[in-house]
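J.: This is the structure I want to talk about, given as structure tokens.
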Amino acid sequence: MLTACGAIDYWQSYLFNNTVVLVMSPCSCCLCHNKQYLSFRYSLTLIDSLDTLAVMGELKEFAAAIKRVAQDVTVSNDVVVSVFETNIRVLGGLLSAHVLASLFRSMGNIYLSSYNDEMLTLAEDIAKRLLPAFNTATGLPYPRVNLKYGVNRTRPDGSLQSDTCTACAGSNLMEFAALSRLTGNPVYEVSTMLSCFCCILYFLLSSLANCTESYECHLAK
């Protein structure tokens, strides 16, 4: 009970101190100056909090937060983002919010009665913008993608993106598979399933080769 009350207090403070489209530092209540987060024009904190509000039974706040996301969130910005972070935090957050909102709507909850799958629509939009990262000869995704223009293989220092971490390569399946099941479009699940299988295969091959170096998944040149 105390945890739930404290969480709601934190949530109300966030709404009071923030413009809702940015990320806030919890101690100082100052807006986060991370360029990536600011350029997104969507609040990771807001999306992260959606399913928490629903699970705590704060359905009025949950419905209000969904409306804020639908009105304020934009995913078409010219910004380079981490495929891994965007998948687990944004795509995952939107999908869980959609599933919960749909459930409460079907139960006749008055706060969610007007929900019209906005979170699912936004989730598919962001997934489509992440898909170009998986267009490699190996099936392993690039670690970063521009939400507006797709993959830029050149890093800020001028070098080429030619590797990715194992988390980015092998842990996107759950969210993308869920999106495929919810939309009926298999492309998301197929793309990430191939990536996951390739990651496992490369692990096995490196193990057979007695590789002792720290492991990185190498992409096609």
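In the structure tokens, each chain is lettered A, B, ... as it comes, each chain's residues begin at 1, and ligands are numbered from 1 in order of appearance.
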Which residues of stretch 103-204 of chain A sit at most 12 Å from stretch 82-85 of chain A, using only C-alpha atoms? Give each one's shortest atom pair and distance in Å (one decimal place), in chain and ascending residue order, as JSON lines.
T.:
{"residue": "A:Ile126", "atom": "CA", "partner": "A:Val83", "partner_atom": "CA", "distance": 10.3}
{"residue": "A:Ala127", "atom": "CA", "partner": "A:Val83", "partner_atom": "CA", "distance": 9.7}
{"residue": "A:Lys128", "atom": "CA", "partner": "A:Val83", "partner_atom": "CA", "distance": 11.7}
{"residue": "A:Arg129", "atom": "CA", "partner": "A:Val83", "partner_atom": "CA", "distance": 9.7}
{"residue": "A:Leu130", "atom": "CA", "partner": "A:Val83", "partner_atom": "CA", "distance": 6.5}
{"residue": "A:Leu131", "atom": "CA", "partner": "A:Val83", "partner_atom": "CA", "distance": 9.2}
{"residue": "A:Pro132", "atom": "CA", "partner": "A:Val83", "partner_atom": "CA", "distance": 10.3}
{"residue": "A:Ala133", "atom": "CA", "partner": "A:Val83", "partner_atom": "CA", "distance": 7.6}
{"residue": "A:Phe134", "atom": "CA", "partner": "A:Val83", "partner_atom": "CA", "distance": 9.8}
{"residue": "A:Leu140", "atom": "CA", "partner": "A:Val83", "partner_atom": "CA", "distance": 11.6}
{"residue": "A:Pro141", "atom": "CA", "partner": "A:Val83", "partner_atom": "CA", "distance": 8.2}
{"residue": "A:Tyr142", "atom": "CA", "partner": "A:Val83", "partner_atom": "CA", "distance": 7.7}
{"residue": "A:Pro143", "atom": "CA", "partner": "A:Val83", "partner_atom": "CA", "distance": 5.6}
{"residue": "A:Arg144", "atom": "CA", "partner": "A:Ser82", "partner_atom": "CA", "distance": 4.6}
{"residue": "A:Val145", "atom": "CA", "partner": "A:Val83", "partner_atom": "CA", "distance": 6.6}
{"residue": "A:Asn146", "atom": "CA", "partner": "A:Ser82", "partner_atom": "CA", "distance": 9.0}
{"residue": "A:Leu147", "atom": "CA", "partner": "A:Val83", "partner_atom": "CA", "distance": 10.0}
{"residue": "A:Gly150", "atom": "CA", "partner": "A:Val83", "partner_atom": "CA", "distance": 11.3}
{"residue": "A:Val151", "atom": "CA", "partner": "A:Val83", "partner_atom": "CA", "distance": 10.6}
{"residue": "A:Thr164", "atom": "CA", "partner": "A:Phe84", "partner_atom": "CA", "distance": 10.1}
{"residue": "A:Cys165", "atom": "CA", "partner": "A:Phe84", "partner_atom": "CA", "distance": 9.2}
{"residue": "A:Thr166", "atom": "CA", "partner": "A:Phe84", "partner_atom": "CA", "distance": 9.9}
{"residue": "A:Ala167", "atom": "CA", "partner": "A:Phe84", "partner_atom": "CA", "distance": 7.1}
{"residue": "A:Cys168", "atom": "CA", "partner": "A:Phe84", "partner_atom": "CA", "distance": 4.8}
{"residue": "A:Ala169", "atom": "CA", "partner": "A:Phe84", "partner_atom": "CA", "distance": 8.2}
{"residue": "A:Gly170", "atom": "CA", "partner": "A:Phe84", "partner_atom": "CA", "distance": 9.5}
{"residue": "A:Ser171", "atom": "CA", "partner": "A:Phe84", "partner_atom": "CA", "distance": 7.9}
{"residue": "A:Asn172", "atom": "CA", "partner": "A:Phe84", "partner_atom": "CA", "distance": 7.1}
{"residue": "A:Leu173", "atom": "CA", "partner": "A:Phe84", "partner_atom": "CA", "distance": 10.9}
{"residue": "A:Glu175", "atom": "CA", "partner": "A:Phe84", "partner_atom": "CA", "distance": 10.9}
{"residue": "A:Phe176", "atom": "CA", "partner": "A:Phe84", "partner_atom": "CA", "distance": 11.7}
{"residue": "A:Thr192", "atom": "CA", "partner": "A:Val83", "partner_atom": "CA", "distance": 11.7}
J.: Contacts of A:Glu124 at 12 Å or less, counting only C-alpha atoms, minus same-chain residues fewer than 6 places along, as a PyMOL selection string?
T.: chain A and resi 75+87+90-92+94-95+98+117-118+130-131+175-185+187-188
J.: List as a list in words the protein and nucleic acid residues near A:Ala97, meaning an atom at most 8 Å away when only C-alpha atoms are counted, but skip any in the same chain fewer than 3 places from it.
T.: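 With the cut-off at 8 Å, the set is Leu50, Asp51, Ile66, Gly93, Leu94, Leu100, Ala101 and Met119 of chain A.
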J.: Please write the residues from the selection above to a file, keeping all heavy atoms, as a CSV table (one decimal), in the first residue's frame.
T.:
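Wrote result04.csv, looks like this:
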chain,number,residue,atom,x,y,z
A,50,LEU,N,3.5,3.5,-18.1
A,50,LEU,CA,2.1,3.2,-18.5
A,50,LEU,C,1.6,1.9,-17.8
A,50,LEU,O,0.6,1.9,-17.1
A,50,LEU,CB,2.0,3.1,-20.0
A,50,LEU,CG,2.2,4.4,-20.8
A,50,LEU,CD1,2.2,4.1,-22.3
A,50,LEU,CD2,1.0,5.3,-20.5
A,51,ASP,N,2.3,0.8,-18.0
A,51,ASP,CA,1.8,-0.4,-17.5
A,51,ASP,C,1.9,-0.5,-15.9
A,51,ASP,O,1.1,-1.1,-15.3
A,51,ASP,CB,2.6,-1.6,-18.1
A,51,ASP,CG,4.1,-1.5,-17.9
A,51,ASP,OD1,4.6,-0.5,-17.4
A,51,ASP,OD2,4.8,-2.5,-18.3
A,66,ILE,N,-2.2,7.5,-21.4
A,66,ILE,CA,-2.3,7.0,-22.8
A,66,ILE,C,-2.7,8.1,-23.7
A,66,ILE,O,-2.2,8.2,-24.8
A,66,ILE,CB,-3.3,5.8,-22.8
A,66,ILE,CG1,-2.7,4.5,-22.3
A,66,ILE,CG2,-3.9,5.6,-24.3
A,66,ILE,CD1,-3.7,3.3,-22.3
A,93,GLY,N,7.1,-1.0,-23.9
A,93,GLY,CA,6.1,-0.2,-23.1
A,93,GLY,C,4.8,0.1,-23.8
A,93,GLY,O,3.8,0.0,-23.2
A,94,LEU,N,4.9,0.4,-25.0
A,94,LEU,CA,3.7,0.6,-25.8
A,94,LEU,C,2.8,-0.7,-26.0
A,94,LEU,O,1.6,-0.6,-25.9
A,94,LEU,CB,4.0,1.2,-27.2
A,94,LEU,CG,4.6,2.6,-27.2
A,94,LEU,CD1,5.1,2.9,-28.6
A,94,LEU,CD2,3.6,3.6,-26.7
A,100,LEU,N,-3.0,-4.1,-21.9
A,100,LEU,CA,-3.7,-3.8,-20.7
A,100,LEU,C,-4.9,-2.9,-21.0
A,100,LEU,O,-6.0,-3.1,-20.4
A,100,LEU,CB,-2.8,-3.1,-19.7
A,100,LEU,CG,-1.7,-4.1,-19.0
A,100,LEU,CD1,-0.7,-3.3,-18.3
A,100,LEU,CD2,-2.4,-5.1,-18.1
A,101,ALA,N,-4.7,-1.9,-21.8
A,101,ALA,CA,-5.8,-1.0,-22.2
A,101,ALA,C,-7.0,-1.8,-22.8
A,101,ALA,O,-8.2,-1.6,-22.6
A,101,ALA,CB,-5.4,0.1,-23.0
A,119,MET,N,-2.0,2.9,-28.9
A,119,MET,CA,-0.7,2.4,-28.5
A,119,MET,C,-0.1,1.4,-29.5
A,119,MET,O,1.1,1.3,-29.7
A,119,MET,CB,-0.7,1.9,-27.1
A,119,MET,CG,-1.1,2.9,-26.0
A,119,MET,SD,0.0,4.3,-25.9
A,119,MET,CE,-0.9,5.5,-26.9
J.: Calculate how many Å separate atom CA of A:Met174 from atom CA of A:Leu53, rounding to one decimal.
T.: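 Taking atom CA of A:Met174 as the start and atom CA of A:Leu53 as the end point, the length is 22.0 Å.
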J.: Return the single residue from A:Asn109, A:Ser195, A:Thr74, A:Asn135 that is closest to A:Glu58, with distances computed using only C-alpha atoms.
T.: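 The shortest atom-to-atom distance to A:Glu58 comes from A:Asn109.
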